[in-house]
file final.json (JSON, C-alpha atoms)
[["chain", "number", "residue", "atom", "x", "y", "z"],
["A", 1, "MET", "CA", 48.86, 33.86, -11.77],
["A", 2, "ARG", "CA", 46.16, 36.22, -10.48],
["A", 3, "ILE", "CA", 44.04, 35.53, -13.54],
["A", 4, "LEU", "CA", 44.39, 31.78, -13.02],
["A", 5, "VAL", "CA", 43.30, 32.02, -9.36],
["A", 6, "LEU", "CA", 40.36, 34.23, -10.31],
["A", 7, "THR", "CA", 39.30, 31.80, -13.03],
["A", 8, "LEU", "CA", 39.47, 28.89, -10.58],
["A", 9, "ILE", "CA", 37.38, 30.78, -8.01],
["A", 10, "CYS", "CA", 34.77, 31.63, -10.62],
["A", 11, "ALA", "CA", 34.64, 28.03, -11.85],
["A", 12, "ALA", "CA", 34.24, 26.72, -8.30],
["A", 13, "ALA", "CA", 31.46, 29.22, -7.60],
["A", 14, "ALA", "CA", 29.63, 28.24, -10.79],
["A", 15, "TRP", "CA", 29.99, 24.53, -9.96],
["A", 16, "SER", "CA", 28.67, 25.09, -6.43],
["A", 17, "GLN", "CA", 25.68, 27.06, -7.74],
["A", 18, "ASP", "CA", 24.89, 24.33, -10.25],
["A", 19, "ARG", "CA", 25.11, 21.67, -7.57],
["A", 20, "ASN", "CA", 22.67, 23.47, -5.28],
["A", 21, "LYS", "CA", 20.14, 24.08, -8.05],
["A", 22, "PRO", "CA", 16.97, 22.03, -7.37],
["A", 23, "THR", "CA", 16.62, 19.15, -9.83],
["A", 24, "GLN", "CA", 13.65, 19.21, -12.15],
["A", 25, "ALA", "CA", 11.08, 16.61, -11.13],
["A", 26, "LYS", "CA", 10.60, 13.99, -13.83],
["A", 27, "PRO", "CA", 7.56, 11.74, -14.30],
["A", 28, "ALA", "CA", 8.04, 8.56, -12.26],
["A", 29, "ASP", "CA", 7.91, 5.14, -13.91],
["A", 30, "PRO", "CA", 4.29, 4.03, -13.71],
["A", 31, "ASP", "CA", 5.15, 0.74, -12.03],
["A", 32, "GLY", "CA", 7.87, -0.83, -9.93],
["A", 33, "ILE", "CA", 8.53, -3.28, -7.14],
["A", 34, "LEU", "CA", 6.54, -2.32, -4.04],
["A", 35, "TRP", "CA", 9.14, -2.21, -1.29],
["A", 36, "LEU", "CA", 8.59, -2.39, 2.45],
["A", 37, "GLY", "CA", 11.19, -1.70, 5.10],
["A", 38, "ASN", "CA", 9.48, -2.86, 8.28],
["A", 39, "TRP", "CA", 9.89, -6.60, 8.75],
["A", 40, "ASP", "CA", 6.95, -7.01, 11.14],
["A", 41, "GLU", "CA", 4.64, -5.23, 8.70],
["A", 42, "ALA", "CA", 5.94, -7.45, 5.91],
["A", 43, "VAL", "CA", 5.18, -10.64, 7.88],
["A", 44, "LYS", "CA", 1.72, -9.31, 8.78],
["A", 45, "GLU", "CA", 0.95, -8.54, 5.12],
["A", 46, "ALA", "CA", 2.44, -11.83, 3.89],
["A", 47, "LYS", "CA", 0.25, -13.78, 6.33],
["A", 48, "ALA", "CA", -2.85, -11.84, 5.32],
["A", 49, "ARG", "CA", -2.13, -12.35, 1.60],
["A", 50, "ASN", "CA", -0.71, -15.86, 2.09],
["A", 51, "VAL", "CA", 2.36, -15.10, -0.02],
["A", 52, "PRO", "CA", 6.15, -15.44, 0.41],
["A", 53, "ILE", "CA", 8.45, -12.65, 1.49],
["A", 54, "HIS", "CA", 11.31, -11.56, -0.75],
["A", 55, "PHE", "CA", 14.13, -10.12, 1.34],
["A", 56, "ALA", "CA", 16.68, -8.26, -0.75],
["A", 57, "LEU", "CA", 19.89, -7.57, 1.14],
["A", 58, "HIS", "CA", 21.14, -5.17, -1.42],
["A", 59, "LYS", "CA", 23.85, -3.17, 0.31],
["A", 60, "ASP", "CA", 25.01, -2.94, 3.89],
["A", 61, "ASN", "CA", 26.49, 0.02, 5.72],
["B", 1, "MET", "CA", 20.64, -4.94, -9.25],
["B", 2, "ALA", "CA", 18.78, -1.70, -8.46],
["B", 3, "THR", "CA", 19.08, -0.52, -12.05],
["B", 4, "SER", "CA", 18.73, -3.92, -13.72],
["B", 5, "THR", "CA", 17.00, -6.70, -11.77],
["B", 6, "TYR", "CA", 14.60, -4.50, -9.83],
["B", 7, "THR", "CA", 13.60, -2.56, -12.94],
["B", 8, "ASP", "CA", 13.13, -5.70, -15.06],
["B", 9, "SER", "CA", 9.52, -5.63, -16.29],
["B", 10, "LYS", "CA", 9.01, -9.39, -15.72],
["B", 11, "ALA", "CA", 10.44, -9.14, -12.20],
["B", 12, "ILE", "CA", 8.16, -6.17, -11.45],
["B", 13, "VAL", "CA", 5.07, -8.09, -12.59],
["B", 14, "ALA", "CA", 6.06, -11.24, -10.66],
["B", 15, "SER", "CA", 6.96, -9.26, -7.54],
["B", 16, "LYS", "CA", 3.27, -8.49, -7.05],
["B", 17, "ASN", "CA", 2.93, -12.12, -5.93],
["B", 18, "TRP", "CA", 5.23, -11.57, -2.94],
["B", 19, "VAL", "CA", 5.88, -9.06, -0.22],
["B", 20, "ASN", "CA", 9.19, -7.30, -0.93],
["B", 21, "VAL", "CA", 11.52, -6.04, 1.77],
["B", 22, "VAL", "CA", 14.73, -4.23, 0.91],
["B", 23, "SER", "CA", 17.74, -3.79, 3.17],
["B", 24, "HIS", "CA", 20.16, -1.05, 2.22],
["B", 25, "GLY", "CA", 21.81, 0.82, 5.07],
["B", 26, "ASP", "CA", 23.52, 3.49, 2.98],
["B", 27, "THR", "CA", 21.76, 6.67, 1.84],
["B", 28, "GLY", "CA", 24.68, 8.27, -0.02],
["B", 29, "HIS", "CA", 23.00, 7.69, -3.40],
["B", 30, "GLY", "CA", 20.55, 10.52, -2.58],
["B", 31, "THR", "CA", 17.02, 11.26, -3.64],
["B", 32, "ARG", "CA", 15.15, 12.31, -6.79],
["B", 33, "ASP", "CA", 12.08, 14.45, -7.29],
["B", 34, "VAL", "CA", 9.39, 12.73, -9.32],
["B", 35, "ILE", "CA", 5.89, 13.46, -10.53],
["B", 36, "VAL", "CA", 3.54, 10.61, -9.66],
["B", 37, "ASN", "CA", 0.33, 10.01, -11.66],
["B", 38, "GLY", "CA", 1.07, 13.10, -13.71],
["B", 39, "LYS", "CA", 0.39, 15.53, -10.86],
["B", 40, "GLU", "CA", 1.72, 14.65, -7.41],
["B", 41, "LYS", "CA", 5.31, 15.72, -6.68],
["B", 42, "LYS", "CA", 7.26, 13.33, -4.43],
["B", 43, "THR", "CA", 10.83, 12.81, -3.34],
["B", 44, "TRP", "CA", 11.93, 9.21, -3.81],
["B", 45, "CYS", "CA", 15.13, 7.35, -3.17],
["B", 46, "LYS", "CA", 17.38, 7.44, -6.24],
["B", 47, "GLU", "CA", 17.91, 3.65, -6.18],
["B", 48, "TYR", "CA", 14.48, 2.16, -5.49],
["B", 49, "TRP", "CA", 11.06, 2.78, -6.99],
["B", 50, "GLY", "CA", 8.34, 4.35, -4.91],
["B", 51, "ILE", "CA", 10.09, 4.70, -1.55],
["B", 52, "GLU", "CA", 12.05, 7.15, 0.53],
["B", 53, "CYS", "CA", 15.52, 6.13, 1.77],
["B", 54, "SER", "CA", 14.12, 5.65, 5.28],
["B", 55, "VAL", "CA", 12.30, 2.54, 4.03],
["B", 56, "HIS", "CA", 15.42, 0.69, 2.85],
["B", 57, "THR", "CA", 17.46, 1.75, 5.89],
["B", 58, "GLU", "CA", 14.71, 0.38, 8.13],
["B", 59, "GLY", "CA", 14.89, -2.88, 6.16],
["B", 60, "SER", "CA", 18.49, -3.30, 7.28],
["B", 61, "LYS", "CA", 17.21, -3.90, 10.83],
["B", 62, "ALA", "CA", 15.92, -7.29, 9.67],
["B", 63, "VAL", "CA", 19.35, -8.50, 8.51],
["B", 64, "GLY", "CA", 20.04, -10.06, 11.93],
["B", 65, "ASN", "CA", 17.15, -12.48, 11.33],
["B", 66, "PHE", "CA", 19.18, -14.13, 8.57],
["B", 67, "MET", "CA", 22.86, -13.22, 8.91],
["B", 68, "LYS", "CA", 25.32, -13.77, 11.72],
["B", 69, "GLY", "CA", 28.61, -11.86, 11.70],
["B", 70, "SER", "CA", 29.93, -10.58, 8.38],
["B", 71, "TYR", "CA", 27.99, -11.25, 5.22],
["B", 72, "GLY", "CA", 28.15, -10.43, 1.54],
["B", 73, "THR", "CA", 25.77, -8.33, -0.46],
["B", 74, "PRO", "CA", 23.76, -8.59, -2.55],
["B", 75, "THR", "CA", 21.95, -11.65, -1.23],
["B", 76, "THR", "CA", 18.42, -12.67, -2.15],
["B", 77, "ILE", "CA", 16.32, -14.56, 0.38],
["B", 78, "PHE", "CA", 12.78, -15.90, 0.09],
["B", 79, "CYS", "CA", 10.72, -16.77, 3.18],
["B", 80, "ASP", "CA", 7.33, -18.28, 3.87],
["B", 81, "PRO", "CA", 4.56, -15.96, 5.15],
["B", 82, "ASP", "CA", 5.77, -16.48, 8.74],
["B", 83, "GLY", "CA", 9.25, -15.22, 7.82],
["B", 84, "LYS", "CA", 10.93, -18.64, 7.85],
["B", 85, "GLU", "CA", 13.67, -18.90, 5.22],
["B", 86, "LEU", "CA", 12.86, -21.03, 2.17],
["B", 87, "SER", "CA", 15.74, -20.22, -0.16],
["B", 88, "ARG", "CA", 18.80, -18.03, -0.45],
["B", 89, "LYS", "CA", 21.07, -16.91, -3.29],
["B", 90, "PRO", "CA", 24.25, -14.93, -2.59],
["B", 91, "GLY", "CA", 25.55, -12.59, -5.30],
["B", 92, "SER", "CA", 23.87, -10.63, -8.06],
["B", 93, "ILE", "CA", 20.97, -12.25, -9.84],
["B", 94, "GLY", "CA", 19.07, -11.19, -12.94],
["B", 95, "GLY", "CA", 15.35, -10.54, -13.32],
["B", 96, "SER", "CA", 14.62, -14.05, -14.67],
["B", 97, "GLU", "CA", 16.39, -15.70, -11.75],
["B", 98, "LEU", "CA", 14.49, -13.53, -9.26],
["B", 99, "VAL", "CA", 11.21, -14.54, -10.91],
["B", 100, "LYS", "CA", 12.25, -18.21, -10.77],
["B", 101, "MET", "CA", 13.17, -18.02, -7.09],
["B", 102, "GLY", "CA", 9.93, -16.21, -6.28],
["B", 103, "ASN", "CA", 7.76, -18.65, -8.17],
["B", 104, "GLU", "CA", 9.44, -21.59, -6.42],
["B", 105, "ALA", "CA", 8.77, -19.94, -3.06],
["B", 106, "LEU", "CA", 5.17, -19.24, -4.04],
["B", 107, "ALA", "CA", 4.67, -22.92, -4.91],
["B", 108, "LYS", "CA", 5.77, -23.80, -1.37],
["B", 109, "VAL", "CA", 2.97, -21.69, 0.14],
["B", 110, "PRO", "CA", -0.26, -23.72, -0.17],
["B", 111, "GLY", "CA", -3.70, -22.13, -0.59],
["B", 112, "ASP", "CA", -5.02, -19.04, -2.33],
["B", 113, "HIS", "CA", -2.62, -16.15, -2.77],
["B", 114, "VAL", "CA", -3.58, -12.48, -2.88],
["B", 115, "SER", "CA", -1.66, -10.34, -5.35],
["B", 116, "ALA", "CA", -0.35, -6.92, -4.34],
["B", 117, "ILE", "CA", -2.60, -5.35, -6.98],
["B", 118, "ASP", "CA", -5.77, -6.74, -5.33],
["B", 119, "TRP", "CA", -4.34, -6.02, -1.88],
["B", 120, "VAL", "CA", -3.53, -2.37, -2.61],
["B", 121, "ALA", "CA", -6.94, -1.83, -4.26],
["B", 122, "ALA", "CA", -8.72, -3.34, -1.25],
["B", 123, "LYS", "CA", -6.69, -1.24, 1.19],
["B", 124, "LYS", "CA", -7.54, 1.88, -0.82],
["B", 125, "ALA", "CA", -11.25, 1.01, -0.78],
["B", 126, "LEU", "CA", -11.14, 0.35, 2.99],
["B", 127, "ALA", "CA", -9.53, 3.76, 3.52],
["B", 128, "GLU", "CA", -12.27, 5.31, 1.36],
["B", 129, "ILE", "CA", -14.90, 3.67, 3.59],
["B", 130, "ASP", "CA", -13.30, 5.09, 6.74],
["B", 131, "GLU", "CA", -13.01, 8.53, 5.18],
["B", 132, "ALA", "CA", -16.62, 8.50, 3.96],
["B", 133, "LEU", "CA", -17.84, 7.24, 7.35],
["B", 134, "ALA", "CA", -16.03, 10.09, 9.10],
["B", 135, "LYS", "CA", -17.78, 12.54, 6.75],
["B", 136, "GLU", "CA", -21.09, 10.71, 7.25],
["B", 137, "ASP", "CA", -21.22, 10.15, 3.49],
["B", 138, "TYR", "CA", -22.83, 6.71, 3.76],
["B", 139, "LYS", "CA", -23.62, 6.39, 0.07],
["B", 140, "LYS", "CA", -19.96, 6.76, -0.81],
["B", 141, "ALA", "CA", -19.00, 4.34, 1.99],
["B", 142, "ILE", "CA", -21.42, 1.73, 0.59],
["B", 143, "GLU", "CA", -19.95, 2.20, -2.91],
["B", 144, "ALA", "CA", -16.44, 1.61, -1.57],
["B", 145, "LEU", "CA", -17.69, -1.36, 0.45],
["B", 146, "GLY", "CA", -18.95, -2.91, -2.79],
["B", 147, "LYS", "CA", -15.44, -2.76, -4.29],
["B", 148, "VAL", "CA", -14.21, -4.98, -1.44],
["B", 149, "SER", "CA", -17.20, -7.25, -0.85],
["B", 150, "LYS", "CA", -17.65, -8.07, -4.56],
["B", 151, "SER", "CA", -14.02, -9.13, -5.00],
["B", 152, "LYS", "CA", -13.55, -12.56, -6.53],
["B", 153, "VAL", "CA", -10.70, -13.10, -4.10],
["B", 154, "LYS", "CA", -12.22, -14.68, -0.97],
["B", 155, "THR", "CA", -9.65, -13.13, 1.39],
["B", 156, "ILE", "CA", -10.42, -9.66, 0.04],
["B", 157, "ALA", "CA", -14.22, -10.16, 0.13],
["B", 158, "ALA", "CA", -13.90, -11.25, 3.78],
["B", 159, "MET", "CA", -12.21, -7.91, 4.56],
["B", 160, "ALA", "CA", -15.56, -6.22, 3.91],
["B", 161, "GLU", "CA", -17.19, -7.81, 6.96],
["B", 162, "GLU", "CA", -15.86, -5.41, 9.58],
["B", 163, "PRO", "CA", -16.74, -2.17, 7.74],
["B", 164, "ARG", "CA", -20.11, -3.68, 6.76],
["B", 165, "LYS", "CA", -20.81, -4.28, 10.45],
["B", 166, "LYS", "CA", -19.81, -0.68, 11.24],
["B", 167, "LEU", "CA", -22.16, 0.63, 8.55],
["B", 168, "GLU", "CA", -25.02, -1.60, 9.71],
["B", 169, "GLU", "CA", -24.54, -0.30, 13.25],
["B", 170, "LYS", "CA", -24.60, 3.30, 12.04],
["B", 171, "GLY", "CA", -27.72, 2.61, 9.94],
["B", 172, "ASP", "CA", -29.44, 0.88, 12.88],
["B", 173, "ALA", "CA", -28.65, 3.84, 15.14],
["B", 174, "LEU", "CA", -30.27, 6.23, 12.64],
["B", 175, "LEU", "CA", -33.20, 3.85, 12.32],
["B", 176, "GLU", "CA", -33.73, 3.88, 16.09],
["B", 177, "GLU", "CA", -33.46, 7.67, 16.12],
["B", 178, "ALA", "CA", -36.14, 7.83, 13.44],
["B", 179, "LYS", "CA", -38.44, 5.42, 15.28],
["B", 180, "GLY", "CA", -38.10, 7.51, 18.40],
["B", 181, "LYS", "CA", -39.41, 10.53, 16.49],
["B", 182, "ILE", "CA", -42.47, 8.90, 14.90],
["B", 183, "GLU", "CA", -44.84, 10.08, 17.63],
["B", 184, "SER", "CA", -43.35, 13.53, 18.19],
["B", 185, "ASP", "CA", -42.19, 14.54, 14.69],
["B", 186, "LYS", "CA", -43.48, 12.24, 11.99],
["B", 187, "ALA", "CA", -42.05, 14.31, 9.11],
["B", 188, "GLU", "CA", -38.54, 14.24, 10.58],
["B", 189, "ALA", "CA", -38.86, 10.52, 11.29],
["B", 190, "LYS", "CA", -39.81, 9.84, 7.66],
["B", 191, "LYS", "CA", -36.92, 12.01, 6.44],
["B", 192, "LEU", "CA", -34.47, 9.99, 8.52],
["B", 193, "LEU", "CA", -35.94, 6.68, 7.41],
["B", 194, "ARG", "CA", -35.71, 7.72, 3.76],
["B", 195, "LYS", "CA", -32.08, 8.68, 4.36],
["B", 196, "VAL", "CA", -31.29, 5.21, 5.72],
["B", 197, "ALA", "CA", -33.28, 3.51, 2.94],
["B", 198, "GLU", "CA", -31.47, 5.47, 0.22],
["B", 199, "GLN", "CA", -27.95, 5.90, 1.57],
["B", 200, "PHE", "CA", -27.50, 2.40, 3.03],
["B", 201, "LYS", "CA", -28.87, 0.57, 0.00],
["B", 202, "GLY", "CA", -27.95, -3.11, 0.01],
["B", 203, "LEU", "CA", -27.66, -3.35, 3.79],
["B", 204, "ASP", "CA", -30.19, -4.84, 6.22],
["B", 205, "CYS", "CA", -30.76, -1.47, 7.90],
["B", 206, "ALA", "CA", -31.96, -0.06, 4.55],
["B", 207, "LYS", "CA", -34.52, -2.85, 4.21],
["B", 208, "LYS", "CA", -35.68, -2.24, 7.78],
["B", 209, "ALA", "CA", -36.02, 1.49, 7.04],
["B", 210, "THR", "CA", -38.12, 0.76, 3.93],
["B", 211, "GLU", "CA", -40.40, -1.50, 5.98],
["B", 212, "ALA", "CA", -40.69, 1.12, 8.72],
["B", 213, "LEU", "CA", -41.67, 3.77, 6.15],
["B", 214, "LYS", "CA", -44.50, 1.55, 4.89],
["B", 215, "GLU", "CA", -45.78, 1.10, 8.42],
["B", 216, "ILE", "CA", -46.04, 4.82, 9.18],
["B", 217, "LYS", "CA", -49.57, 6.07, 8.63],
["B", 218, "ASP", "CA", -50.00, 9.67, 7.51]]

call {"tool": "encode", "arguments": {"input": "final.json", "output": "structure tokens"}}
result
Amino acid sequence: MRILVLTLICAAAAWSQDRNKPTQAKPADPDGILWLGNWDEAVKEAKARNVPIHFALHKDN
Amino acid sequence: MATSTYTDSKAIVASKNWVNVVSHGDTGHGTRDVIVNGKEKKTWCKEYWGIECSVHTEGSKAVGNFMKGSYGTPTTIFCDPDGKELSRKPGSIGGSELVKMGNEALAKVPGDHVSAIDWVAAKKALAEIDEALAKEDYKKAIEALGKVSKSKVKTIAAMAEEPRKKLEEKGDALLEEAKGKIESDKAEAKKLLRKVAEQFKGLDCAKKATEALKEIKD
């Protein structure tokens, strides 16, 4: 029983250490959709560029 | 959609013809460290390209413009440049459908459109002008001005007017300073005039400086 508890503690410690390890930065994709979050800025830019606004309601709270 | 529609290469290309706003209130998906342009380390949202989570959470503030009460996600909405709704599609859509919706919205906006690629390049050049002006590196500012003023896109070329005016004013001020020194310190006056003539090439103040140099008798 003691051995089992000790093994579990060790496994949990190892998992926690792994989880806190900083992830290695990978090269970003060179291109993607340019997202804005501020609606007023989006309208200002859309007017200046004379283009539509795509509003993606992806997920709520 | 974050890992399919929004990473679809055709949707990415087409999206440069619109302004994209994302609403996503949750941040539980976390962040990822990335290397941008092979050197710059940044922390991006795990779900969306090129942004921090604060961007998509801010986008959720705009939901009230389009939804009353409870609503389903995902929903895709296209608006005109004033923010007035043109079309809406509830549920998941693929990259091709997003492109179709966007192109239909674009067709409803008459006149010349400026792509995000031209827009971002112009903004970068305008920032370069400001930076060079602050460092009094007028030659570099003029070079950056050329990137904007020579654009084939009329809207972009028009954006060069304000910084051009600023540069002309700076050149004129140096010109006046030089003229004020002609009697007292001719050598310094000529040095200043040459500076304006060389560093502000292409502007009216440079032409005026060249003329003034010719008029100075040794």

call {"tool": "interface_residues", "arguments": {"input": "final.json", "of": "chain A", "to": "chain B", "cutoff": "8 Å", "atoms": "only C-alpha atoms", "output": "ChimeraX atom specification"}}
result
/A:23-39,42-43,45-61

call {"tool": "write_last_selection", "arguments": {"input": "final.json", "atoms": "C-alpha atoms", "output": "mmCIF file, keeping the file's coordinate frame"}}
result
data_model
loop_
_atom_site.group_PDB
_atom_site.id
_atom_site.type_symbol
_atom_site.label_atom_id
_atom_site.label_comp_id
_atom_site.auth_asym_id
_atom_site.auth_seq_id
_atom_site.Cartn_x
_atom_site.Cartn_y
_atom_site.Cartn_z
ATOM 1 C CA THR A 23 16.620 19.150 -9.830
ATOM 2 C CA GLN A 24 13.650 19.210 -12.150
ATOM 3 C CA ALA A 25 11.080 16.610 -11.130
ATOM 4 C CA LYS A 26 10.600 13.990 -13.830
ATOM 5 C CA PRO A 27 7.560 11.740 -14.300
ATOM 6 C CA ALA A 28 8.040 8.560 -12.260
ATOM 7 C CA ASP A 29 7.910 5.140 -13.910
ATOM 8 C CA PRO A 30 4.290 4.030 -13.710
ATOM 9 C CA ASP A 31 5.150 0.740 -12.030
ATOM 10 C CA GLY A 32 7.870 -0.830 -9.930
ATOM 11 C CA ILE A 33 8.530 -3.280 -7.140
ATOM 12 C CA LEU A 34 6.540 -2.320 -4.040
ATOM 13 C CA TRP A 35 9.140 -2.210 -1.290
ATOM 14 C CA LEU A 36 8.590 -2.390 2.450
ATOM 15 C CA GLY A 37 11.190 -1.700 5.100
ATOM 16 C CA ASN A 38 9.480 -2.860 8.280
ATOM 17 C CA TRP A 39 9.890 -6.600 8.750
ATOM 18 C CA ALA A 42 5.940 -7.450 5.910
ATOM 19 C CA VAL A 43 5.180 -10.640 7.880
ATOM 20 C CA GLU A 45 0.950 -8.540 5.120
ATOM 21 C CA ALA A 46 2.440 -11.830 3.890
ATOM 22 C CA LYS A 47 0.250 -13.780 6.330
ATOM 23 C CA ALA A 48 -2.850 -11.840 5.320
ATOM 24 C CA ARG A 49 -2.130 -12.350 1.600
ATOM 25 C CA ASN A 50 -0.710 -15.860 2.090
ATOM 26 C CA VAL A 51 2.360 -15.100 -0.020
ATOM 27 C CA PRO A 52 6.150 -15.440 0.410
ATOM 28 C CA ILE A 53 8.450 -12.650 1.490
ATOM 29 C CA HIS A 54 11.310 -11.560 -0.750
ATOM 30 C CA PHE A 55 14.130 -10.120 1.340
ATOM 31 C CA ALA A 56 16.680 -8.260 -0.750
ATOM 32 C CA LEU A 57 19.890 -7.570 1.140
ATOM 33 C CA HIS A 58 21.140 -5.170 -1.420
ATOM 34 C CA LYS A 59 23.850 -3.170 0.310
ATOM 35 C CA ASP A 60 25.010 -2.940 3.890
ATOM 36 C CA ASN A 61 26.490 0.020 5.720
#

call {"tool": "atom_distance", "arguments": {"input": "final.json", "atom1": "CA of Lys179 in chain B", "atom2": "CA of Ala209 in chain B"}}
result
9.4 Å

call {"tool": "atom_distance", "arguments": {"input": "final.json", "atom1": "CA of Lys139 in chain B", "atom2": "CA of Lys201 in chain B"}}
result
7.8 Å

call {"tool": "atom_distance", "arguments": {"input": "final.json", "atom1": "CA of Lys100 in chain B", "atom2": "CA of Thr3 in chain B"}}
result
19.0 Å

call {"tool": "closest_residue", "arguments": {"input": "final.json", "among": "B:Ala187, B:Ala157, B:Ala127, B:Val99", "to": "Ala144 in chain B", "atoms": "only C-alpha atoms"}}
result
B:Ala127
